[in-house]
Amino acid sequence: MKLVTPLEAIRAIPDGSTVIFPHGCVEPTTLYTAFQHEVERFHHLTIYSGLAFGDYPFLRTGLGTHFRYVTWQAAPRLRHLFQEKKVGFVPIRLSEIPHVVNQGGVIKPDVVVTQVSPPAQDGTVSLGISVSLSQDFIQNARLVIAEINRHMPVTAGDSRVPVDKIHLAVESSAPLGEYHTPPPSAPDRRIV
């Protein structure tokens with residue numbers, strides 16, 4: 001694992017790559033900011049991801065010009081982009097994603113971006129609060145870029161990743177993402 005600046009990490013992504021961004025509440029905001037500063041260097045990048053609990057900051061500039069975005073989970077915050085035909089959708093069950101997104105699958109990940117805990121003495125980092133599909137993605141990527149967040153806890157289960165599986169890492173102290181349940185809408189109240 002080589003410690004680099006956020007801009008160096010983004011500059012290491014080859015144009016034309018298929019990149020997997022994390023989903024859930026493990027948004028690597030430091031890397032997303034660097035991506036926005038470097039987005040103009042890309043012309044044929046494809047980013048895949050699932051449902052993000054944040055506001056998809058990496059979509060603010062360059063979408064459709066410098067990169068395309070495809071998701072397997074259509075979030076309400078993306079609805080207007082779907083209507084404008086600016087993002088793509090892969091209709092797939094969550095359980096099928098590891099069979100589709102791998103070096104032998106239809107979607108071959110070149111780069112995986114993730115967020116992890118600081119390294120432990122045993123030479124591992126933890127995927128922390130959202131393991132999800134990250135282990136499969138990391139095993140299949142040619143380049144793994146990790147945002148090491150000092151706030152990310154070490155969790156039990158299949159959350160550990162050997163540091164030698166991570167090629168580039170950046171340090172971060174950004175707050176961890178949180179999911180805030182929105183207030184129920186009128187249709188929600190009628191269902192309950």
# chains A, B, ... in the order shown; residues from 1 in each chain; ligands from 1
>>> residues_around(residues="region 35-51 of chain A", least_positions_apart="2", cutoff="8 Å", atoms="only C-alpha atoms", output="count of residues only")
32
>>> select_by_dssp(residues="region 128-166 of chain A", states="helix (DSSP H, G or I)", output="PyMOL selection string")
chain A and resi 134-140+163-165
>>> residues_around(residues="region 154-160 of chain A", least_positions_apart="6", cutoff="7 Å", atoms="only C-alpha atoms", output="number ranges by chain")
A: 117, 124-128, 131
>>> write_last_selection(atoms="N, CA, C and O atoms", output="CSV table (one decimal), in the first residue's frame")
chain,number,residue,atom,x,y,z
A,117,SER,N,-10.8,1.5,7.6
A,117,SER,CA,-10.2,2.0,8.8
A,117,SER,C,-8.7,2.1,8.7
A,117,SER,O,-8.1,1.6,7.8
A,124,THR,N,-3.9,-5.5,8.4
A,124,THR,CA,-5.2,-5.4,7.7
A,124,THR,C,-5.9,-4.1,8.0
A,124,THR,O,-5.5,-3.4,9.0
A,125,VAL,N,-6.8,-3.8,7.2
A,125,VAL,CA,-7.7,-2.6,7.4
A,125,VAL,C,-9.1,-3.2,7.5
A,125,VAL,O,-9.4,-4.4,7.0
A,126,SER,N,-10.1,-2.5,8.0
A,126,SER,CA,-11.5,-3.0,8.1
A,126,SER,C,-12.3,-2.1,7.1
A,126,SER,O,-12.1,-0.9,7.0
A,127,LEU,N,-13.3,-2.8,6.5
A,127,LEU,CA,-14.2,-2.1,5.7
A,127,LEU,C,-15.3,-1.4,6.5
A,127,LEU,O,-16.1,-0.6,6.0
A,128,GLY,N,-15.2,-1.6,7.8
A,128,GLY,CA,-16.0,-0.9,8.8
A,128,GLY,C,-17.5,-1.0,8.7
A,128,GLY,O,-18.0,-2.1,8.7
A,131,VAL,N,-19.6,-3.4,4.8
A,131,VAL,CA,-18.8,-4.3,4.0
A,131,VAL,C,-19.4,-4.6,2.7
A,131,VAL,O,-18.8,-4.5,1.6
>>> select_by_dssp(residues="region 17-116 of chain A", states="strand (DSSP E)", output="list in words")
Thr18, Val19, Ile20, Leu45, Thr46, Ile47, Tyr48, Ser49, Phe67, Arg68, Tyr69, Val70, Thr71, Val87, Gly88, Phe89, Val111, Val112, Val113, Thr114, Gln115 and Val116 of chain A
>>> write_last_selection(atoms="N, CA and C atoms", output="PDB file, in the first residue's frame")
ATOM      1  N   THR A  18     -13.116   1.047 -16.097  1.00  0.00           N
ATOM      2  CA  THR A  18     -14.383   0.806 -15.419  1.00  0.00           C
ATOM      3  C   THR A  18     -14.083   0.907 -13.935  1.00  0.00           C
ATOM      4  N   VAL A  19     -14.713   1.867 -13.276  1.00  0.00           N
ATOM      5  CA  VAL A  19     -14.429   2.176 -11.876  1.00  0.00           C
ATOM      6  C   VAL A  19     -15.661   1.852 -11.033  1.00  0.00           C
ATOM      7  N   ILE A  20     -15.424   1.205  -9.904  1.00  0.00           N
ATOM      8  CA  ILE A  20     -16.508   0.915  -8.960  1.00  0.00           C
ATOM      9  C   ILE A  20     -16.361   1.869  -7.780  1.00  0.00           C
ATOM     10  N   LEU A  45     -14.314   7.351 -19.171  1.00  0.00           N
ATOM     11  CA  LEU A  45     -14.406   6.643 -17.895  1.00  0.00           C
ATOM     12  C   LEU A  45     -15.848   6.196 -17.666  1.00  0.00           C
ATOM     13  N   THR A  46     -16.030   5.002 -17.087  1.00  0.00           N
ATOM     14  CA  THR A  46     -17.363   4.545 -16.697  1.00  0.00           C
ATOM     15  C   THR A  46     -17.329   4.224 -15.210  1.00  0.00           C
ATOM     16  N   ILE A  47     -18.244   4.818 -14.469  1.00  0.00           N
ATOM     17  CA  ILE A  47     -18.339   4.602 -13.021  1.00  0.00           C
ATOM     18  C   ILE A  47     -19.608   3.820 -12.734  1.00  0.00           C
ATOM     19  N   TYR A  48     -19.457   2.760 -11.942  1.00  0.00           N
ATOM     20  CA  TYR A  48     -20.590   1.961 -11.473  1.00  0.00           C
ATOM     21  C   TYR A  48     -20.686   2.100  -9.962  1.00  0.00           C
ATOM     22  N   SER A  49     -21.902   2.094  -9.462  1.00  0.00           N
ATOM     23  CA  SER A  49     -22.114   2.117  -8.018  1.00  0.00           C
ATOM     24  C   SER A  49     -23.560   1.767  -7.719  1.00  0.00           C
ATOM     25  N   PHE A  67     -17.186  11.382 -18.149  1.00  0.00           N
ATOM     26  CA  PHE A  67     -17.452  10.026 -17.664  1.00  0.00           C
ATOM     27  C   PHE A  67     -18.940   9.744 -17.756  1.00  0.00           C
ATOM     28  N   ARG A  68     -19.261   8.465 -17.739  1.00  0.00           N
ATOM     29  CA  ARG A  68     -20.669   8.067 -17.653  1.00  0.00           C
ATOM     30  C   ARG A  68     -20.866   7.336 -16.334  1.00  0.00           C
ATOM     31  N   TYR A  69     -22.089   7.392 -15.833  1.00  0.00           N
ATOM     32  CA  TYR A  69     -22.416   6.767 -14.559  1.00  0.00           C
ATOM     33  C   TYR A  69     -23.528   5.754 -14.761  1.00  0.00           C
ATOM     34  N   VAL A  70     -23.322   4.556 -14.197  1.00  0.00           N
ATOM     35  CA  VAL A  70     -24.297   3.478 -14.285  1.00  0.00           C
ATOM     36  C   VAL A  70     -24.505   2.926 -12.879  1.00  0.00           C
ATOM     37  N   THR A  71     -25.751   2.649 -12.525  1.00  0.00           N
ATOM     38  CA  THR A  71     -26.056   2.139 -11.193  1.00  0.00           C
ATOM     39  C   THR A  71     -26.966   0.924 -11.274  1.00  0.00           C
ATOM     40  N   VAL A  87     -27.923   9.111 -16.830  1.00  0.00           N
ATOM     41  CA  VAL A  87     -27.307   7.991 -16.122  1.00  0.00           C
ATOM     42  C   VAL A  87     -27.917   6.689 -16.635  1.00  0.00           C
ATOM     43  N   GLY A  88     -27.142   5.610 -16.489  1.00  0.00           N
ATOM     44  CA  GLY A  88     -27.607   4.309 -16.941  1.00  0.00           C
ATOM     45  C   GLY A  88     -28.027   3.441 -15.772  1.00  0.00           C
ATOM     46  N   PHE A  89     -28.757   2.390 -16.081  1.00  0.00           N
ATOM     47  CA  PHE A  89     -29.273   1.492 -15.054  1.00  0.00           C
ATOM     48  C   PHE A  89     -29.030   0.049 -15.472  1.00  0.00           C
ATOM     49  N   VAL A 111     -10.810  -0.528 -11.602  1.00  0.00           N
ATOM     50  CA  VAL A 111     -10.462   0.234 -10.402  1.00  0.00           C
ATOM     51  C   VAL A 111     -11.608   0.139  -9.408  1.00  0.00           C
ATOM     52  N   VAL A 112     -11.261  -0.056  -8.145  1.00  0.00           N
ATOM     53  CA  VAL A 112     -12.244  -0.030  -7.070  1.00  0.00           C
ATOM     54  C   VAL A 112     -11.809   1.026  -6.058  1.00  0.00           C
ATOM     55  N   VAL A 113     -12.749   1.880  -5.703  1.00  0.00           N
ATOM     56  CA  VAL A 113     -12.515   2.896  -4.681  1.00  0.00           C
ATOM     57  C   VAL A 113     -13.298   2.471  -3.451  1.00  0.00           C
ATOM     58  N   THR A 114     -12.676   2.547  -2.286  1.00  0.00           N
ATOM     59  CA  THR A 114     -13.348   2.126  -1.063  1.00  0.00           C
ATOM     60  C   THR A 114     -12.919   3.014   0.097  1.00  0.00           C
ATOM     61  N   GLN A 115     -13.570   2.851   1.224  1.00  0.00           N
ATOM     62  CA  GLN A 115     -13.202   3.567   2.448  1.00  0.00           C
ATOM     63  C   GLN A 115     -12.955   2.529   3.532  1.00  0.00           C
ATOM     64  N   VAL A 116     -11.860   2.704   4.283  1.00  0.00           N
ATOM     65  CA  VAL A 116     -11.457   1.707   5.264  1.00  0.00           C
ATOM     66  C   VAL A 116     -10.984   2.364   6.549  1.00  0.00           C
TER      67      VAL A 116
END
